[in-house]
>>> print(open('my_file02.pdb').read())   # PDB, C-alpha atoms, pLDDT in the B column
ATOM      1  CA  MET A   1      89.967  93.038  94.962  1.00 55.00           C
ATOM      2  CA  SER A   2      92.139  95.748  93.377  1.00 66.00           C
ATOM      3  CA  LYS A   3      94.942  94.805  91.001  1.00 81.00           C
ATOM      4  CA  LEU A   4      98.458  94.481  92.346  1.00 83.00           C
ATOM      5  CA  ASP A   5     100.665  97.466  91.514  1.00 84.00           C
ATOM      6  CA  PRO A   6     103.508  96.563  89.073  1.00 86.00           C
ATOM      7  CA  THR A   7     106.086  98.089  91.444  1.00 85.00           C
ATOM      8  CA  VAL A   8     104.867  95.973  94.352  1.00 88.00           C
ATOM      9  CA  ARG A   9     104.851  92.851  92.156  1.00 90.00           C
ATOM     10  CA  LYS A  10     108.375  93.540  90.900  1.00 89.00           C
ATOM     11  CA  GLU A  11     109.784  94.192  94.362  1.00 89.00           C
ATOM     12  CA  THR A  12     108.066  91.123  95.824  1.00 91.00           C
ATOM     13  CA  LEU A  13     109.539  88.981  93.055  1.00 93.00           C
ATOM     14  CA  TYR A  14     112.972  90.488  93.731  1.00 91.00           C
ATOM     15  CA  ILE A  15     112.690  89.739  97.469  1.00 92.00           C
ATOM     16  CA  SER A  16     111.337  86.223  96.796  1.00 94.00           C
ATOM     17  CA  ALA A  17     114.257  85.474  94.489  1.00 94.00           C
ATOM     18  CA  TRP A  18     116.733  86.559  97.148  1.00 93.00           C
ATOM     19  CA  VAL A  19     114.915  84.549  99.829  1.00 94.00           C
ATOM     20  CA  LEU A  20     115.144  81.498  97.558  1.00 95.00           C
ATOM     21  CA  ILE A  21     118.864  82.002  96.909  1.00 95.00           C
ATOM     22  CA  LEU A  22     119.729  82.649 100.551  1.00 95.00           C
ATOM     23  CA  SER A  23     117.600  79.676 101.658  1.00 95.00           C
ATOM     24  CA  ALA A  24     119.579  77.442  99.325  1.00 95.00           C
ATOM     25  CA  VAL A  25     122.812  78.824 100.766  1.00 95.00           C
ATOM     26  CA  MET A  26     121.562  78.199 104.305  1.00 95.00           C
ATOM     27  CA  GLN A  27     120.602  74.604 103.457  1.00 94.00           C
ATOM     28  CA  ALA A  28     124.061  74.117 101.978  1.00 95.00           C
ATOM     29  CA  VAL A  29     125.691  75.445 105.145  1.00 95.00           C
ATOM     30  CA  PHE A  30     123.613  73.075 107.283  1.00 94.00           C
ATOM     31  CA  LEU A  31     124.594  70.193 104.983  1.00 94.00           C
ATOM     32  CA  VAL A  32     128.284  71.088 105.149  1.00 94.00           C
ATOM     33  CA  PHE A  33     128.219  71.166 108.950  1.00 93.00           C
ATOM     34  CA  GLY A  34     126.322  67.870 109.065  1.00 91.00           C
ATOM     35  CA  LYS A  35     123.325  69.339 110.898  1.00 89.00           C
ATOM     36  CA  TRP A  36     120.804  68.941 108.099  1.00 90.00           C
ATOM     37  CA  ASN A  37     117.505  67.180 108.698  1.00 91.00           C
ATOM     38  CA  PHE A  38     113.906  67.609 107.582  1.00 92.00           C
ATOM     39  CA  GLY A  39     113.289  70.032 110.471  1.00 91.00           C
ATOM     40  CA  VAL A  40     115.794  72.411 108.906  1.00 93.00           C
ATOM     41  CA  LEU A  41     114.126  72.105 105.491  1.00 94.00           C
ATOM     42  CA  PHE A  42     110.570  72.600 106.727  1.00 94.00           C
ATOM     43  CA  GLY A  43     111.552  75.369 109.150  1.00 93.00           C
ATOM     44  CA  ASN A  44     113.310  77.194 106.333  1.00 94.00           C
ATOM     45  CA  LEU A  45     110.337  76.670 104.020  1.00 94.00           C
ATOM     46  CA  LEU A  46     107.851  77.971 106.573  1.00 94.00           C
ATOM     47  CA  SER A  47     109.936  80.976 107.492  1.00 94.00           C
ATOM     48  CA  GLY A  48     110.814  81.821 103.880  1.00 94.00           C
ATOM     49  CA  ILE A  49     107.128  81.772 102.927  1.00 95.00           C
ATOM     50  CA  CYS A  50     106.416  83.991 105.935  1.00 94.00           C
ATOM     51  CA  ALA A  51     109.114  86.498 104.892  1.00 93.00           C
ATOM     52  CA  CYS A  52     107.796  86.726 101.312  1.00 94.00           C
ATOM     53  CA  LEU A  53     104.172  86.929 102.470  1.00 94.00           C
ATOM     54  CA  ASN A  54     105.096  89.671 104.928  1.00 93.00           C
ATOM     55  CA  PHE A  55     106.715  91.724 102.171  1.00 92.00           C
ATOM     56  CA  LEU A  56     103.776  91.166  99.814  1.00 93.00           C
ATOM     57  CA  LEU A  57     101.265  92.207 102.472  1.00 93.00           C
ATOM     58  CA  MET A  58     103.369  95.265 103.260  1.00 91.00           C
ATOM     59  CA  GLY A  59     103.377  96.160  99.562  1.00 91.00           C
ATOM     60  CA  ILE A  60      99.596  95.726  99.285  1.00 92.00           C
ATOM     61  CA  THR A  61      99.107  97.894 102.378  1.00 91.00           C
ATOM     62  CA  VAL A  62     101.436 100.565 100.978  1.00 89.00           C
ATOM     63  CA  GLN A  63      99.556 100.450  97.669  1.00 88.00           C
ATOM     64  CA  LYS A  64      96.239 100.975  99.453  1.00 88.00           C
ATOM     65  CA  ALA A  65      97.650 103.571 101.865  1.00 87.00           C
ATOM     66  CA  LEU A  66      98.964 105.707  98.997  1.00 84.00           C
ATOM     67  CA  GLU A  67      95.392 106.199  97.784  1.00 84.00           C
ATOM     68  CA  LYS A  68      94.347 107.680 101.147  1.00 83.00           C
ATOM     69  CA  ASP A  69      95.249 110.967 102.809  1.00 82.00           C
ATOM     70  CA  SER A  70      98.376 111.081 104.988  1.00 81.00           C
ATOM     71  CA  ASP A  71      96.674 110.617 108.395  1.00 83.00           C
ATOM     72  CA  ASP A  72      94.669 107.614 107.215  1.00 86.00           C
ATOM     73  CA  ALA A  73      97.799 106.195 105.564  1.00 86.00           C
ATOM     74  CA  LYS A  74      99.713 106.457 108.842  1.00 86.00           C
ATOM     75  CA  THR A  75      96.982 104.619 110.772  1.00 88.00           C
ATOM     76  CA  THR A  76      96.654 101.950 108.092  1.00 88.00           C
ATOM     77  CA  MET A  77     100.397 101.237 108.135  1.00 88.00           C
ATOM     78  CA  LYS A  78     100.541 101.011 111.934  1.00 88.00           C
ATOM     79  CA  PHE A  79      97.593  98.607 112.032  1.00 90.00           C
ATOM     80  CA  SER A  80      99.042  96.517 109.204  1.00 91.00           C
ATOM     81  CA  GLN A  81     102.439  96.359 110.907  1.00 89.00           C
ATOM     82  CA  THR A  82     100.846  95.060 114.113  1.00 90.00           C
ATOM     83  CA  LEU A  83      98.930  92.355 112.264  1.00 92.00           C
ATOM     84  CA  ARG A  84     101.987  91.337 110.217  1.00 92.00           C
ATOM     85  CA  MET A  85     104.064  91.148 113.386  1.00 91.00           C
ATOM     86  CA  LEU A  86     101.480  88.801 114.893  1.00 91.00           C
ATOM     87  CA  MET A  87     101.547  86.701 111.725  1.00 93.00           C
ATOM     88  CA  GLN A  88     105.342  86.467 111.875  1.00 92.00           C
ATOM     89  CA  PHE A  89     105.175  85.536 115.539  1.00 91.00           C
ATOM     90  CA  GLY A  90     102.769  82.729 114.713  1.00 92.00           C
ATOM     91  CA  PHE A  91     104.885  81.377 111.856  1.00 92.00           C
ATOM     92  CA  ALA A  92     108.141  81.640 113.830  1.00 91.00           C
ATOM     93  CA  ALA A  93     106.575  80.044 116.925  1.00 91.00           C
ATOM     94  CA  VAL A  94     105.414  77.036 114.881  1.00 92.00           C
ATOM     95  CA  GLY A  95     108.885  76.765 113.327  1.00 91.00           C
ATOM     96  CA  VAL A  96     110.702  77.017 116.665  1.00 91.00           C
ATOM     97  CA  ILE A  97     108.444  74.484 118.401  1.00 90.00           C
ATOM     98  CA  PHE A  98     108.064  71.866 115.669  1.00 92.00           C
ATOM     99  CA  PHE A  99     111.124  72.366 113.441  1.00 91.00           C
ATOM    100  CA  ASN A 100     114.662  73.707 113.791  1.00 89.00           C
ATOM    101  CA  PRO A 101     114.742  77.041 115.725  1.00 91.00           C
ATOM    102  CA  ILE A 102     117.746  78.477 113.854  1.00 91.00           C
ATOM    103  CA  ALA A 103     116.425  77.516 110.415  1.00 92.00           C
ATOM    104  CA  SER A 104     113.047  78.980 111.340  1.00 92.00           C
ATOM    105  CA  ILE A 105     114.323  82.350 112.509  1.00 92.00           C
ATOM    106  CA  ILE A 106     117.170  83.262 110.130  1.00 93.00           C
ATOM    107  CA  PRO A 107     115.012  83.410 106.911  1.00 93.00           C
ATOM    108  CA  LEU A 108     112.935  86.193 108.484  1.00 92.00           C
ATOM    109  CA  PHE A 109     115.973  88.451 107.966  1.00 92.00           C
ATOM    110  CA  PHE A 110     116.548  87.518 104.310  1.00 92.00           C
ATOM    111  CA  PRO A 111     114.474  90.453 102.949  1.00 91.00           C
ATOM    112  CA  ARG A 112     116.740  92.808 104.925  1.00 91.00           C
ATOM    113  CA  ILE A 113     119.798  91.237 103.300  1.00 91.00           C
ATOM    114  CA  ALA A 114     118.113  91.586  99.884  1.00 91.00           C
ATOM    115  CA  VAL A 115     117.512  95.284 100.547  1.00 89.00           C
ATOM    116  CA  THR A 116     121.158  95.694 101.564  1.00 87.00           C
ATOM    117  CA  PHE A 117     122.298  94.329  98.200  1.00 86.00           C
ATOM    118  CA  ARG A 118     119.738  96.399  96.281  1.00 81.00           C
ATOM    119  CA  PRO A 119     122.030  99.397  95.554  1.00 78.00           C
ATOM    120  CA  LEU A 120     124.599  97.033  94.037  1.00 79.00           C
ATOM    121  CA  MET A 121     121.989  95.582  91.674  1.00 75.00           C
ATOM    122  CA  ASP A 122     120.768  99.072  90.762  1.00 73.00           C
ATOM    123  CA  LYS A 123     124.318 100.193  90.075  1.00 74.00           C
ATOM    124  CA  ARG A 124     124.846  97.197  87.802  1.00 71.00           C
ATOM    125  CA  SER A 125     121.661  97.893  85.824  1.00 69.00           C
ATOM    126  CA  GLY A 126     122.434 101.610  85.588  1.00 63.00           C
ATOM    127  CA  GLY A 127     119.759 102.715  88.062  1.00 55.00           C
ATOM    128  CA  GLN A 128     116.902 101.687  85.733  1.00 53.00           C
ATOM    129  CA  ASN A 129     115.115  99.526  88.290  1.00 50.00           C
ATOM    130  CA  THR A 130     113.847 102.346  90.446  1.00 49.00           C
ATOM    131  CA  ASP A 131     112.664 104.670  87.724  1.00 47.00           C
ATOM    132  CA  LYS A 132     110.440 102.545  85.510  1.00 47.00           C
ATOM    133  CA  GLY A 133     108.639 100.591  88.234  1.00 45.00           C
ATOM    134  CA  GLY A 134     105.071 101.808  88.781  1.00 45.00           C
ATOM    135  CA  GLU A 135     104.497 104.139  85.902  1.00 44.00           C
ATOM    136  CA  GLN A 136     101.099 103.455  84.417  1.00 41.00           C
TER     137      GLN A 136
ATOM    138  CA  MET B   1     111.980  76.081 146.933  1.00 79.00           C
ATOM    139  CA  MET B   2     112.544  74.477 143.535  1.00 82.00           C
ATOM    140  CA  GLU B   3     109.022  75.410 142.394  1.00 85.00           C
ATOM    141  CA  LEU B   4     109.640  78.999 143.440  1.00 90.00           C
ATOM    142  CA  ALA B   5     112.893  79.152 141.473  1.00 88.00           C
ATOM    143  CA  ILE B   6     111.217  77.705 138.358  1.00 89.00           C
ATOM    144  CA  GLY B   7     108.354  80.153 138.764  1.00 91.00           C
ATOM    145  CA  ILE B   8     110.782  83.068 138.981  1.00 92.00           C
ATOM    146  CA  ILE B   9     112.583  81.844 135.837  1.00 90.00           C
ATOM    147  CA  LEU B  10     109.332  81.533 133.867  1.00 91.00           C
ATOM    148  CA  GLY B  11     108.086  84.894 135.119  1.00 93.00           C
ATOM    149  CA  CYS B  12     111.324  86.667 134.239  1.00 93.00           C
ATOM    150  CA  CYS B  13     111.339  85.096 130.769  1.00 92.00           C
ATOM    151  CA  ALA B  14     107.759  86.252 130.135  1.00 93.00           C
ATOM    152  CA  LEU B  15     108.560  89.709 131.482  1.00 94.00           C
ATOM    153  CA  GLY B  16     111.664  89.936 129.293  1.00 93.00           C
ATOM    154  CA  ALA B  17     109.683  88.871 126.225  1.00 92.00           C
ATOM    155  CA  GLY B  18     107.077  91.519 126.919  1.00 92.00           C
ATOM    156  CA  MET B  19     109.719  94.185 127.419  1.00 93.00           C
ATOM    157  CA  ALA B  20     111.485  93.146 124.220  1.00 91.00           C
ATOM    158  CA  MET B  21     108.289  93.681 122.272  1.00 89.00           C
ATOM    159  CA  ILE B  22     108.275  97.352 123.264  1.00 90.00           C
ATOM    160  CA  ALA B  23     110.711  97.698 120.370  1.00 89.00           C
ATOM    161  CA  GLY B  24     107.906  96.504 118.077  1.00 84.00           C
ATOM    162  CA  ILE B  25     106.159  99.854 118.484  1.00 86.00           C
ATOM    163  CA  GLY B  26     108.889 101.804 116.666  1.00 88.00           C
ATOM    164  CA  PRO B  27     108.636 100.239 113.184  1.00 88.00           C
ATOM    165  CA  GLY B  28     104.885 100.856 113.070  1.00 87.00           C
ATOM    166  CA  ILE B  29     105.352 104.541 113.809  1.00 89.00           C
ATOM    167  CA  GLY B  30     108.300 104.796 111.397  1.00 88.00           C
ATOM    168  CA  GLU B  31     106.466 103.073 108.541  1.00 87.00           C
ATOM    169  CA  GLY B  32     103.418 105.218 109.171  1.00 88.00           C
ATOM    170  CA  ASN B  33     105.462 108.407 108.928  1.00 88.00           C
ATOM    171  CA  ALA B  34     107.247 107.159 105.795  1.00 88.00           C
ATOM    172  CA  VAL B  35     103.992 106.343 104.017  1.00 87.00           C
ATOM    173  CA  ALA B  36     102.409 109.642 105.099  1.00 87.00           C
ATOM    174  CA  SER B  37     105.363 111.538 103.636  1.00 88.00           C
ATOM    175  CA  ALA B  38     105.202 109.419 100.475  1.00 87.00           C
ATOM    176  CA  CYS B  39     101.504 110.301 100.091  1.00 87.00           C
ATOM    177  CA  GLU B  40     102.403 113.990 100.209  1.00 86.00           C
ATOM    178  CA  ALA B  41     105.289 113.488  97.764  1.00 87.00           C
ATOM    179  CA  ILE B  42     103.086 111.631  95.266  1.00 86.00           C
ATOM    180  CA  GLY B  43     100.419 114.308  95.683  1.00 85.00           C
ATOM    181  CA  ARG B  44     102.978 116.929  94.682  1.00 88.00           C
ATOM    182  CA  GLN B  45     104.582 114.900  91.862  1.00 87.00           C
ATOM    183  CA  PRO B  46     102.285 112.081  90.655  1.00 86.00           C
ATOM    184  CA  GLU B  47     104.718 111.135  87.862  1.00 86.00           C
ATOM    185  CA  CYS B  48     107.253 109.922  90.486  1.00 85.00           C
ATOM    186  CA  LYS B  49     104.879 107.315  91.941  1.00 84.00           C
ATOM    187  CA  GLY B  50     106.956 104.312  90.835  1.00 83.00           C
ATOM    188  CA  SER B  51     110.274 105.462  92.242  1.00 85.00           C
ATOM    189  CA  VAL B  52     108.699 106.782  95.455  1.00 86.00           C
ATOM    190  CA  THR B  53     106.889 103.464  96.034  1.00 85.00           C
ATOM    191  CA  THR B  54     110.055 101.434  95.402  1.00 85.00           C
ATOM    192  CA  THR B  55     112.170 103.551  97.737  1.00 85.00           C
ATOM    193  CA  MET B  56     109.473 103.494 100.392  1.00 86.00           C
ATOM    194  CA  LEU B  57     109.002  99.721 100.198  1.00 86.00           C
ATOM    195  CA  MET B  58     112.726  99.218 100.698  1.00 86.00           C
ATOM    196  CA  GLY B  59     112.711 101.709 103.570  1.00 87.00           C
ATOM    197  CA  CYS B  60     109.759  99.939 105.190  1.00 88.00           C
ATOM    198  CA  ALA B  61     111.568  96.588 104.891  1.00 87.00           C
ATOM    199  CA  VAL B  62     114.604  98.081 106.651  1.00 87.00           C
ATOM    200  CA  ALA B  63     112.454  99.694 109.349  1.00 88.00           C
ATOM    201  CA  GLU B  64     110.690  96.422 109.961  1.00 88.00           C
ATOM    202  CA  THR B  65     113.944  94.637 110.783  1.00 88.00           C
ATOM    203  CA  THR B  66     114.252  96.375 114.150  1.00 88.00           C
ATOM    204  CA  GLY B  67     110.861  94.968 115.085  1.00 89.00           C
ATOM    205  CA  LEU B  68     112.005  91.549 113.906  1.00 90.00           C
ATOM    206  CA  TYR B  69     115.005  91.630 116.252  1.00 91.00           C
ATOM    207  CA  ALA B  70     112.606  92.226 119.147  1.00 91.00           C
ATOM    208  CA  LEU B  71     110.312  89.480 117.882  1.00 91.00           C
ATOM    209  CA  VAL B  72     113.164  86.977 117.723  1.00 91.00           C
ATOM    210  CA  ILE B  73     114.313  87.834 121.253  1.00 92.00           C
ATOM    211  CA  ALA B  74     110.740  87.431 122.489  1.00 92.00           C
ATOM    212  CA  ILE B  75     110.319  84.061 120.737  1.00 91.00           C
ATOM    213  CA  LEU B  76     113.607  82.777 122.147  1.00 91.00           C
ATOM    214  CA  LEU B  77     112.674  83.952 125.649  1.00 91.00           C
ATOM    215  CA  ILE B  78     109.237  82.352 125.484  1.00 91.00           C
ATOM    216  CA  PHE B  79     109.981  79.034 123.800  1.00 90.00           C
ATOM    217  CA  LEU B  80     113.669  78.203 124.292  1.00 89.00           C
ATOM    218  CA  ALA B  81     115.075  80.065 127.294  1.00 88.00           C
ATOM    219  CA  PRO B  82     112.824  78.649 130.071  1.00 88.00           C
ATOM    220  CA  GLY B  83     113.798  75.058 129.255  1.00 88.00           C
ATOM    221  CA  ARG B  84     117.494  75.902 129.147  1.00 88.00           C
ATOM    222  CA  PHE B  85     117.385  77.894 132.377  1.00 89.00           C
ATOM    223  CA  VAL B  86     115.455  75.181 134.212  1.00 88.00           C
ATOM    224  CA  ASN B  87     117.976  72.578 133.007  1.00 89.00           C
ATOM    225  CA  ILE B  88     120.845  74.739 134.293  1.00 90.00           C
ATOM    226  CA  LEU B  89     119.023  75.119 137.611  1.00 88.00           C
ATOM    227  CA  MET B  90     118.492  71.352 137.874  1.00 88.00           C
ATOM    228  CA  ASP B  91     122.154  70.633 137.086  1.00 89.00           C
ATOM    229  CA  THR B  92     123.278  73.162 139.680  1.00 88.00           C
ATOM    230  CA  MET B  93     120.979  71.679 142.319  1.00 86.00           C
ATOM    231  CA  LEU B  94     122.191  68.139 141.548  1.00 88.00           C
ATOM    232  CA  SER B  95     125.837  69.187 141.743  1.00 89.00           C
ATOM    233  CA  LEU B  96     125.244  70.843 145.110  1.00 85.00           C
ATOM    234  CA  LYS B  97     123.724  67.654 146.592  1.00 77.00           C
TER     235      LYS B  97
END
>>> encode(input="my_file02.pdb", output="structure tokens")
Amino acid sequence: MSKLDPTVRKETLYISAWVLILSAVMQAVFLVFGKWNFGVLFGNLLSGICACLNFLLMGITVQKALEKDSDDAKTTMKFSQTLRMLMQFGFAAVGVIFFNPIASIIPLFFPRIAVTFRPLMDKRSGGQNTDKGGEQ
Amino acid sequence: MMELAIGIILGCCALGAGMAMIAGIGPGIGEGNAVASACEAIGRQPECKGSVTTTMLMGCAVAETTGLYALVIAILLIFLAPGRFVNILMDTMLSLK
């Protein structure tokens, strides 16, 4: 198995940190509204793991696709996206059936929120995050 | 009559879920194009690999969200909507009697 690219590792850690923070916020909101139970916790856990795993797998696929030519890369990404979509469907279906539906679905969107806040973080660190990433 | 109505509800929910997943095709094509362009960019300027990969990963995450919306709609239509719709149908039938 090839080594994980430093850029992919860094970005996955960034997304995982945001998923963790936003999950904590979501649990707090459920607690405040008096709707918290173990279904919410486990649904959030399952879905959060799925979101991080999805991003990691996407990063690994991108890392492998960049070593191929552009046509192969395109096919690899499409195939990977289909498989990851199926994985997310499986995780979300388990969460919706056995745990809380809302707590199982919302964490899937946490990486998108993390990406939205990314420019703010870059601005704060003077744009250094994007330039030093994968240089080897 | 009741069985027919429930069958129509279940069928429409399944059909809606299938139609919603048409939106899942787009992210795959978009990500594929993004990575293909990134391959060409890295081929031209190998020293920019880190920044290109970071930007592309973020772009792929954004592109994937549209597919997620479709996925969520499909999941809701498959697992939650039929029960709700059948309950509404039952309540309506009981109130009519």
>>> closest_atom_pairs(input="my_file02.pdb", of="chain B", to="chain A", cutoff="8 Å", atoms="all atoms listed in the file", output="Markdown table")
| residue | atom | partner | partner_atom | distance |
| --- | --- | --- | --- | --- |
| B:Pro27 | CA | A:Gln81 | CA | 7.7 |
| B:Gly28 | CA | A:Lys78 | CA | 4.5 |
| B:Ile29 | CA | A:Lys78 | CA | 6.3 |
| B:Glu31 | CA | A:Met77 | CA | 6.4 |
| B:Gly32 | CA | A:Lys74 | CA | 3.9 |
| B:Asn33 | CA | A:Lys74 | CA | 6.1 |
| B:Val35 | CA | A:Ala73 | CA | 6.4 |
| B:Ala36 | CA | A:Ser70 | CA | 4.3 |
| B:Ser37 | CA | A:Ser70 | CA | 7.1 |
| B:Ala38 | CA | A:Leu66 | CA | 7.4 |
| B:Cys39 | CA | A:Leu66 | CA | 5.4 |
| B:Glu40 | CA | A:Ser70 | CA | 6.9 |
| B:Glu47 | CA | A:Glu135 | CA | 7.3 |
| B:Cys48 | CA | A:Glu135 | CA | 7.9 |
| B:Lys49 | CA | A:Gly134 | CA | 6.4 |
| B:Gly50 | CA | A:Gly134 | CA | 3.7 |
| B:Ser51 | CA | A:Thr130 | CA | 5.1 |
| B:Thr53 | CA | A:Thr7 | CA | 7.1 |
| B:Thr54 | CA | A:Thr130 | CA | 6.3 |
| B:Thr55 | CA | A:Thr130 | CA | 7.6 |
| B:Leu57 | CA | A:Gly59 | CA | 6.7 |
| B:Met58 | CA | A:Val115 | CA | 6.2 |
| B:Ala61 | CA | A:Arg112 | CA | 6.4 |
| B:Val62 | CA | A:Arg112 | CA | 5.9 |
| B:Thr65 | CA | A:Arg112 | CA | 6.7 |
| B:Gly67 | CA | A:Met85 | CA | 8.0 |
| B:Leu68 | CA | A:Leu108 | CA | 7.7 |
| B:Leu71 | CA | A:Phe89 | CA | 6.9 |
| B:Val72 | CA | A:Ile105 | CA | 7.1 |
| B:Ile75 | CA | A:Ala93 | CA | 6.7 |
| B:Phe79 | CA | A:Ile97 | CA | 7.2 |
>>> write_last_selection(input="my_file02.pdb", atoms="C-alpha atoms", output="PDB file, keeping the file's coordinate frame")
ATOM      1  CA  PRO B  27     108.636 100.239 113.184  1.00 88.00           C
ATOM      2  CA  GLY B  28     104.885 100.856 113.070  1.00 87.00           C
ATOM      3  CA  ILE B  29     105.352 104.541 113.809  1.00 89.00           C
ATOM      4  CA  GLU B  31     106.466 103.073 108.541  1.00 87.00           C
ATOM      5  CA  GLY B  32     103.418 105.218 109.171  1.00 88.00           C
ATOM      6  CA  ASN B  33     105.462 108.407 108.928  1.00 88.00           C
ATOM      7  CA  VAL B  35     103.992 106.343 104.017  1.00 87.00           C
ATOM      8  CA  ALA B  36     102.409 109.642 105.099  1.00 87.00           C
ATOM      9  CA  SER B  37     105.363 111.538 103.636  1.00 88.00           C
ATOM     10  CA  ALA B  38     105.202 109.419 100.475  1.00 87.00           C
ATOM     11  CA  CYS B  39     101.504 110.301 100.091  1.00 87.00           C
ATOM     12  CA  GLU B  40     102.403 113.990 100.209  1.00 86.00           C
ATOM     13  CA  GLU B  47     104.718 111.135  87.862  1.00 86.00           C
ATOM     14  CA  CYS B  48     107.253 109.922  90.486  1.00 85.00           C
ATOM     15  CA  LYS B  49     104.879 107.315  91.941  1.00 84.00           C
ATOM     16  CA  GLY B  50     106.956 104.312  90.835  1.00 83.00           C
ATOM     17  CA  SER B  51     110.274 105.462  92.242  1.00 85.00           C
ATOM     18  CA  THR B  53     106.889 103.464  96.034  1.00 85.00           C
ATOM     19  CA  THR B  54     110.055 101.434  95.402  1.00 85.00           C
ATOM     20  CA  THR B  55     112.170 103.551  97.737  1.00 85.00           C
ATOM     21  CA  LEU B  57     109.002  99.721 100.198  1.00 86.00           C
ATOM     22  CA  MET B  58     112.726  99.218 100.698  1.00 86.00           C
ATOM     23  CA  ALA B  61     111.568  96.588 104.891  1.00 87.00           C
ATOM     24  CA  VAL B  62     114.604  98.081 106.651  1.00 87.00           C
ATOM     25  CA  THR B  65     113.944  94.637 110.783  1.00 88.00           C
ATOM     26  CA  GLY B  67     110.861  94.968 115.085  1.00 89.00           C
ATOM     27  CA  LEU B  68     112.005  91.549 113.906  1.00 90.00           C
ATOM     28  CA  LEU B  71     110.312  89.480 117.882  1.00 91.00           C
ATOM     29  CA  VAL B  72     113.164  86.977 117.723  1.00 91.00           C
ATOM     30  CA  ILE B  75     110.319  84.061 120.737  1.00 91.00           C
ATOM     31  CA  PHE B  79     109.981  79.034 123.800  1.00 90.00           C
TER      32      PHE B  79
END
>>> atom_distance(input="my_file02.pdb", atom1="atom CA of Ser47 of chain A", atom2="atom CA of Leu20 of chain A")
11.2 Å
>>> atom_distance(input="my_file02.pdb", atom1="atom CA of Phe85 of chain B", atom2="atom CA of Gly43 of chain A")
24.1 Å
>>> residues_around(input="my_file02.pdb", residues="Leu22 of chain A", least_positions_apart="4", cutoff="8 Å", atoms="all atoms listed in the file", output="list in words")
Trp18, Met26, Pro107 and Phe110 of chain A
>>> atom_distance(input="my_file02.pdb", atom1="atom CA of Tyr69 of chain B", atom2="atom CA of Gly26 of chain B")
11.9 Å
